[in-house]
>>> print(open('data-v3.cif').read())   # mmCIF, C-alpha atoms
data_data
loop_
_atom_site.label_atom_id
_atom_site.label_comp_id
_atom_site.auth_asym_id
_atom_site.auth_seq_id
_atom_site.Cartn_x
_atom_site.Cartn_y
_atom_site.Cartn_z
CA MET A 1 31.78 13.42 -6.37
CA THR A 2 32.10 15.05 -9.78
CA GLY A 3 29.42 15.73 -12.28
CA PRO A 4 27.65 18.29 -14.45
CA ARG A 5 26.81 21.77 -13.31
CA PRO A 6 23.18 22.55 -12.47
CA SER A 7 20.94 23.12 -15.48
CA ARG A 8 19.43 26.44 -16.49
CA ARG A 9 16.16 25.35 -14.89
CA ALA A 10 18.00 24.63 -11.65
CA TRP A 11 19.54 28.10 -11.64
CA LEU A 12 16.06 29.57 -12.09
CA ILE A 13 15.23 27.97 -8.74
CA VAL A 14 18.43 28.46 -6.80
CA ILE A 15 19.07 32.11 -7.66
CA PRO A 16 15.71 33.42 -6.33
CA ALA A 17 15.99 31.12 -3.30
CA ALA A 18 19.51 32.33 -2.55
CA LEU A 19 18.48 35.97 -2.94
CA ALA A 20 15.49 35.43 -0.65
CA LEU A 21 17.73 33.75 1.92
CA ALA A 22 20.22 36.62 1.74
CA VAL A 23 17.48 39.23 2.21
CA LEU A 24 15.89 37.32 5.08
CA THR A 25 19.26 36.84 6.77
CA ALA A 26 20.04 40.56 6.44
CA LEU A 27 16.68 41.46 7.96
CA VAL A 28 17.20 39.06 10.87
CA VAL A 29 20.65 40.51 11.56
CA ALA A 30 19.31 44.07 11.34
CA ALA A 31 16.53 43.24 13.83
CA ARG A 32 19.20 42.45 16.48
CA GLY A 33 17.23 39.70 18.17
CA VAL A 34 13.83 41.36 18.10
CA PRO A 35 11.25 39.09 16.44
CA PHE A 36 9.30 40.38 13.47
CA SER A 37 5.64 41.19 14.04
CA LEU A 38 4.64 38.20 11.88
CA ASP A 39 6.86 35.95 13.99
CA ALA A 40 5.30 37.18 17.21
CA THR A 41 1.76 36.83 15.88
CA LEU A 42 2.21 33.26 14.66
CA HIS A 43 4.16 32.32 17.79
CA ASP A 44 1.31 33.54 20.04
CA ALA A 45 -1.25 31.75 17.88
CA ALA A 46 0.67 28.48 18.25
CA LEU A 47 0.81 28.86 22.04
CA GLU A 48 -2.95 29.45 22.23
CA ARG A 49 -3.69 26.21 20.34
CA ARG A 50 -1.59 23.87 22.45
CA SER A 51 -3.05 20.78 24.10
CA ALA A 52 -1.34 18.01 26.04
CA GLY A 53 -2.01 15.35 23.42
CA ALA A 54 -0.95 17.55 20.52
CA VAL A 55 2.26 18.53 22.28
CA ASP A 56 3.14 14.88 22.88
CA ALA A 57 2.51 14.07 19.21
CA ALA A 58 4.56 17.08 18.13
CA VAL A 59 7.50 15.97 20.28
CA LEU A 60 7.43 12.51 18.69
CA LEU A 61 7.34 13.98 15.18
CA THR A 62 9.98 16.61 15.83
CA ASP A 63 12.43 13.95 17.05
CA THR A 64 12.38 12.28 13.62
CA GLY A 65 13.79 15.40 11.98
CA THR A 66 17.30 15.37 13.38
CA GLY A 67 20.13 13.24 14.73
CA VAL A 68 20.46 9.52 14.06
CA VAL A 69 17.05 9.20 12.41
CA ALA A 70 17.84 11.89 9.85
CA TYR A 71 21.19 10.37 8.90
CA ALA A 72 19.66 6.90 8.73
CA LEU A 73 17.03 8.20 6.31
CA ALA A 74 19.70 9.89 4.20
CA ALA A 75 21.58 6.59 4.05
CA LEU A 76 18.34 4.83 3.11
CA ALA A 77 17.90 7.28 0.24
CA GLY A 78 21.31 6.34 -1.11
CA TRP A 79 20.50 2.64 -0.80
CA ILE A 80 17.18 3.05 -2.59
CA ALA A 81 18.79 5.02 -5.42
CA CYS A 82 21.60 2.53 -5.96
CA ARG A 83 22.52 -0.38 -3.76
CA ARG A 84 26.15 0.65 -3.50
CA ALA A 85 27.94 1.62 -0.30
CA ARG A 86 29.60 4.55 -2.04
CA VAL A 87 26.26 6.02 -3.03
CA VAL A 88 24.98 5.58 0.52
CA LEU A 89 28.01 7.49 1.78
CA ALA A 90 27.57 10.14 -0.90
CA SER A 91 23.95 10.68 0.11
CA VAL A 92 24.95 11.03 3.75
CA ALA A 93 27.72 13.45 2.70
CA VAL A 94 25.17 15.71 1.00
CA LEU A 95 23.30 15.95 4.30
CA ALA A 96 26.43 16.36 6.43
CA LEU A 97 27.92 19.11 4.26
CA GLY A 98 24.57 20.89 4.19
CA GLN A 99 24.57 20.77 7.97
CA LEU A 100 28.01 22.35 8.03
CA VAL A 101 26.74 25.25 5.91
CA ARG A 102 23.72 25.63 8.16
CA MET A 103 25.74 25.65 11.37
CA THR A 104 28.12 28.24 9.92
CA LEU A 105 25.20 30.51 9.09
CA ARG A 106 23.59 29.84 12.46
CA VAL A 107 26.68 30.84 14.43
CA THR A 108 27.24 33.89 12.25
CA VAL A 109 23.71 35.25 12.63
CA ASP A 110 23.31 34.19 16.30
CA ARG A 111 19.59 34.91 16.53
CA PRO A 112 17.98 34.37 19.96
CA ARG A 113 15.24 31.76 20.30
CA PRO A 114 11.75 32.50 21.65
CA PRO A 115 11.47 33.01 25.42
CA LEU A 116 12.43 29.98 27.49
CA ALA A 117 9.04 29.99 29.24
CA ASP A 118 7.32 29.35 25.90
CA ARG A 119 9.34 26.25 25.02
CA VAL A 120 8.04 22.78 25.82
CA THR A 121 10.96 20.74 24.51
CA ASP A 122 14.73 20.90 24.79
CA SER A 123 16.54 23.32 22.50
CA SER A 124 20.02 24.77 22.31
CA GLY A 125 22.05 27.10 20.15
CA ALA A 126 20.94 30.02 18.04
CA ALA A 127 17.62 30.03 16.20
CA PHE A 128 18.28 30.97 12.56
CA PRO A 129 18.00 28.95 10.43
CA SER A 130 16.07 26.14 12.10
CA GLY A 131 18.14 22.97 12.29
CA HIS A 132 15.14 20.65 12.23
CA ALA A 133 13.51 22.46 9.32
CA THR A 134 16.73 22.44 7.29
CA THR A 135 17.60 18.84 8.12
CA SER A 136 14.15 17.40 7.44
CA ALA A 137 13.92 19.30 4.16
CA LEU A 138 17.31 17.97 3.06
CA VAL A 139 16.37 14.42 4.02
CA ALA A 140 12.97 14.71 2.32
CA GLY A 141 14.70 15.95 -0.83
CA LEU A 142 17.14 13.04 -0.82
CA LEU A 143 14.37 10.49 -0.25
CA ALA A 144 12.20 12.04 -2.96
CA TRP A 145 15.14 12.03 -5.38
CA ALA A 146 15.80 8.34 -4.69
CA LEU A 147 12.17 7.27 -4.91
CA LEU A 148 11.59 9.16 -8.15
CA ARG A 149 14.57 7.33 -9.65
CA VAL A 150 13.30 3.83 -8.96
CA ALA A 151 9.50 3.99 -8.66
CA PRO A 152 6.93 4.25 -11.45
CA PRO A 153 6.09 7.92 -12.21
CA LEU A 154 2.81 8.16 -10.30
CA ALA A 155 4.03 6.15 -7.31
CA GLY A 156 7.24 8.14 -7.25
CA ARG A 157 5.39 11.45 -7.20
CA LEU A 158 3.08 10.27 -4.43
CA ALA A 159 6.03 9.06 -2.37
CA ALA A 160 7.84 12.36 -2.93
CA ALA A 161 4.74 14.25 -1.78
CA CYS A 162 4.66 12.16 1.41
CA CYS A 163 8.32 13.06 2.04
CA ALA A 164 7.48 16.74 1.64
CA LEU A 165 4.52 16.47 4.02
CA TRP A 166 6.75 14.84 6.64
CA ALA A 167 9.28 17.69 6.36
CA ILE A 168 6.52 20.30 6.62
CA GLY A 169 5.16 18.54 9.69
CA VAL A 170 8.57 18.49 11.38
CA ALA A 171 9.08 22.18 10.65
CA ALA A 172 5.62 23.08 11.98
CA THR A 173 6.35 21.36 15.28
CA ARG A 174 9.27 23.71 15.89
CA VAL A 175 6.93 26.67 15.98
CA TYR A 176 4.21 24.78 17.86
CA LEU A 177 6.68 23.69 20.53
CA GLY A 178 7.90 27.26 20.94
CA VAL A 179 11.55 26.69 20.07
CA HIS A 180 11.70 28.62 16.77
CA TRP A 181 10.25 31.69 15.11
CA PRO A 182 8.44 31.05 11.81
CA THR A 183 11.12 32.94 9.86
CA ASP A 184 13.68 30.47 11.23
CA ILE A 185 11.69 27.81 9.37
CA ALA A 186 11.63 29.88 6.20
CA GLY A 187 15.39 30.33 6.38
CA GLY A 188 15.90 26.59 6.78
CA TRP A 189 13.70 25.79 3.79
CA LEU A 190 15.44 28.33 1.59
CA LEU A 191 18.85 27.01 2.57
CA ALA A 192 17.79 23.40 1.94
CA THR A 193 16.36 24.34 -1.45
CA CYS A 194 19.61 25.97 -2.54
CA TRP A 195 21.70 23.07 -1.29
CA LEU A 196 19.59 20.36 -2.90
CA VAL A 197 19.39 22.11 -6.27
CA LEU A 198 23.18 22.49 -6.32
CA THR A 199 24.11 19.02 -5.07
CA LEU A 200 21.50 16.63 -6.47
CA PRO A 201 22.77 16.90 -10.08
CA VAL A 202 26.22 15.93 -8.86
CA LEU A 203 24.82 13.10 -6.75
CA THR A 204 22.76 11.91 -9.73
CA ALA A 205 25.79 11.79 -12.01
CA TYR A 206 27.81 9.96 -9.38
CA THR A 207 24.99 7.47 -8.77
CA ASP A 208 24.59 6.85 -12.49
CA GLY A 209 28.28 6.08 -12.71
CA GLN A 210 28.14 3.66 -9.80
CA SER A 211 25.05 1.91 -11.14
CA GLY A 212 26.51 1.51 -14.62
CA ARG A 213 24.00 3.73 -16.34
CA ALA A 214 25.35 5.19 -19.55
CA GLU A 215 24.66 8.80 -20.32
CA PRO A 216 22.51 9.06 -23.49
CA HIS A 217 25.07 11.22 -25.22
CA THR A 218 27.87 8.80 -24.35
CA ALA A 219 25.89 5.84 -25.64
CA ASP A 220 25.13 7.60 -28.92
CA VAL A 221 28.79 8.47 -29.43
CA ALA A 222 29.83 4.88 -28.74
CA GLU A 223 27.26 3.56 -31.24
CA ARG A 224 28.35 5.94 -33.95
CA THR A 225 32.01 5.12 -33.33
CA GLY A 226 31.26 1.40 -33.65
CA ASP A 227 29.34 1.99 -36.87
CA ARG A 228 32.21 3.90 -38.44
CA ALA A 229 34.70 1.23 -37.39
CA GLY A 230 32.50 -1.44 -38.99
CA GLU A 231 32.29 0.53 -42.24
CA ARG A 232 36.08 0.91 -42.43
CA SER A 233 36.61 -2.82 -41.87
CA GLY A 234 33.96 -3.78 -44.39
CA ARG A 235 31.77 -5.45 -41.77
CA PRO A 236 28.02 -5.00 -42.23
CA ARG A 237 26.23 -2.88 -39.64
CA PRO A 238 24.07 -4.90 -37.24
#
>>> encode(input="data-v3.cif", output="structure tokens")
Amino acid sequence: MTGPRPSRRAWLIVIPAALALAVLTALVVAARGVPFSLDATLHDAALERRSAGAVDAAVLLTDTGTGVVAYALAALAGWIACRRARVVLASVAVLALGQLVRMTLRVTVDRPRPPLADRVTDSSGAAFPSGHATTSALVAGLLAWALLRVAPPLAGRLAAACCALWAIGVAATRVYLGVHWPTDIAGGWLLATCWLVLTLPVLTAYTDGQSGRAEPHTADVAERTGDRAGERSGRPRP
């Protein structure tokens, strides 16, 4: 995919998010596996509020934030945005490449998860950043992007808000189920924010090209060129 660089407004989002992610990552590394006091407090609070029914519901929700479901939703976003196989693949590629960045950071930092006795669902690998939080945020961003492209403004914003609420719910289950510290969630959200802000402009330009949308500037240039050609040939302008 090729396309324009992020706008100035996009950089105003991605630069603070990237700096916050860098600071948080440095703090996690410096802690050498010891959870922050805020992490421990929120972790204990989540354990105290567990119930059998809530845990079952949390497990069902958390399973939608990774694996086949996540990639299927990313593909759906591409299909909604533009019913072209290449756009579907491009949307999935945004998710897959974001996952590669996340896994690289995860292996590098190698933060331990909460104690095994506190976990009520399967988990593996290091903790930071949370895979489910990052993945669901990326998928929610792709779905929101697609829906905002094709839906009326109000409906698009409502649908995008629903996508965000789903991602927040998935992330919250990771703390509730005892498999992540809250700052793992924060790291995942910051990473997803950076990745989406950097890649969605490129995906948008690629999708516009596949759907046959003309850039406004390109259309204006073509119209002016046609007008000048008509003047030189003596033909009246339409």
>>> resolve_selection(input="data-v3.cif", expression="the PyMOL selection byres ((chain A and resi 139) around 12)", output="VMD selection string")
chain A and resid 64 to 78 91 to 96 98 to 99 132 to 138 140 to 146 160 163 to 164 166 to 168 170 189 192 to 193 195 to 196 200
>>> resolve_selection(input="data-v3.cif", expression="the PyMOL selection byres ((chain A and resi 103) around 12)", output="short mmCIF file (atom, residue, chain, number, x, y, z; two decimals) with C-alpha atoms, in the frame of the given file")
data_model
loop_
_atom_site.label_atom_id
_atom_site.label_comp_id
_atom_site.auth_asym_id
_atom_site.auth_seq_id
_atom_site.Cartn_x
_atom_site.Cartn_y
_atom_site.Cartn_z
CA ALA A 96 26.43 16.36 6.43
CA LEU A 97 27.92 19.11 4.26
CA GLY A 98 24.57 20.89 4.19
CA GLN A 99 24.57 20.77 7.97
CA LEU A 100 28.01 22.35 8.03
CA VAL A 101 26.74 25.25 5.91
CA ARG A 102 23.72 25.63 8.16
CA THR A 104 28.12 28.24 9.92
CA LEU A 105 25.20 30.51 9.09
CA ARG A 106 23.59 29.84 12.46
CA VAL A 107 26.68 30.84 14.43
CA THR A 108 27.24 33.89 12.25
CA VAL A 109 23.71 35.25 12.63
CA ASP A 110 23.31 34.19 16.30
CA GLY A 125 22.05 27.10 20.15
CA ALA A 126 20.94 30.02 18.04
CA ALA A 127 17.62 30.03 16.20
CA PHE A 128 18.28 30.97 12.56
CA PRO A 129 18.00 28.95 10.43
CA SER A 130 16.07 26.14 12.10
CA GLY A 131 18.14 22.97 12.29
CA HIS A 132 15.14 20.65 12.23
CA THR A 134 16.73 22.44 7.29
CA THR A 135 17.60 18.84 8.12
CA GLY A 188 15.90 26.59 6.78
CA LEU A 191 18.85 27.01 2.57
#
>>> atom_distance(input="data-v3.cif", atom1="CA of Pro112 (chain A)", atom2="CA of Asp44 (chain A)")
16.7 Å
>>> closest_atom_pairs(input="data-v3.cif", of="region 129-173 of chain A", to="region 54-60 of chain A", cutoff="10 Å", atoms="only C-alpha atoms", output="JSON lines")
{"residue": "A:Gly169", "atom": "CA", "partner": "A:Ala58", "partner_atom": "CA", "distance": 8.6}
{"residue": "A:Val170", "atom": "CA", "partner": "A:Ala58", "partner_atom": "CA", "distance": 8.0}
{"residue": "A:Ala172", "atom": "CA", "partner": "A:Ala58", "partner_atom": "CA", "distance": 8.7}
{"residue": "A:Thr173", "atom": "CA", "partner": "A:Ala58", "partner_atom": "CA", "distance": 5.4}
>>> resolve_selection(input="data-v3.cif", expression="the PyMOL selection byres ((chain A and resi 115) around 12)", output="list in words")
Gly33, Val34, Pro35, Ala40, His43, Asp44, Leu47, Pro112, Arg113, Pro114, Leu116, Ala117, Asp118, Arg119, Val120, Ser123, Ala127, Leu177, Gly178, Val179, His180 and Trp181 of chain A
>>> closest_residue(input="data-v3.cif", among="A:Leu148, A:Leu203, A:Val197, A:Leu190", to="Thr25 (chain A)", atoms="all atoms listed in the file")
A:Leu190
>>> atom_distance(input="data-v3.cif", atom1="CA of Pro182 (chain A)", atom2="CA of Asp39 (chain A)")
5.6 Å
>>> closest_residue(input="data-v3.cif", among="A:Arg9, A:Ser211, A:Ala46, A:Leu21", to="Arg83 (chain A)", atoms="only C-alpha atoms")
A:Ser211
>>> atom_distance(input="data-v3.cif", atom1="CA of Leu154 (chain A)", atom2="CA of Asp208 (chain A)")
21.9 Å
>>> closest_residue(input="data-v3.cif", among="A:Leu165, A:Ala171, A:Leu158, A:Cys194", to="Ala22 (chain A)", atoms="all atoms listed in the file")
A:Cys194
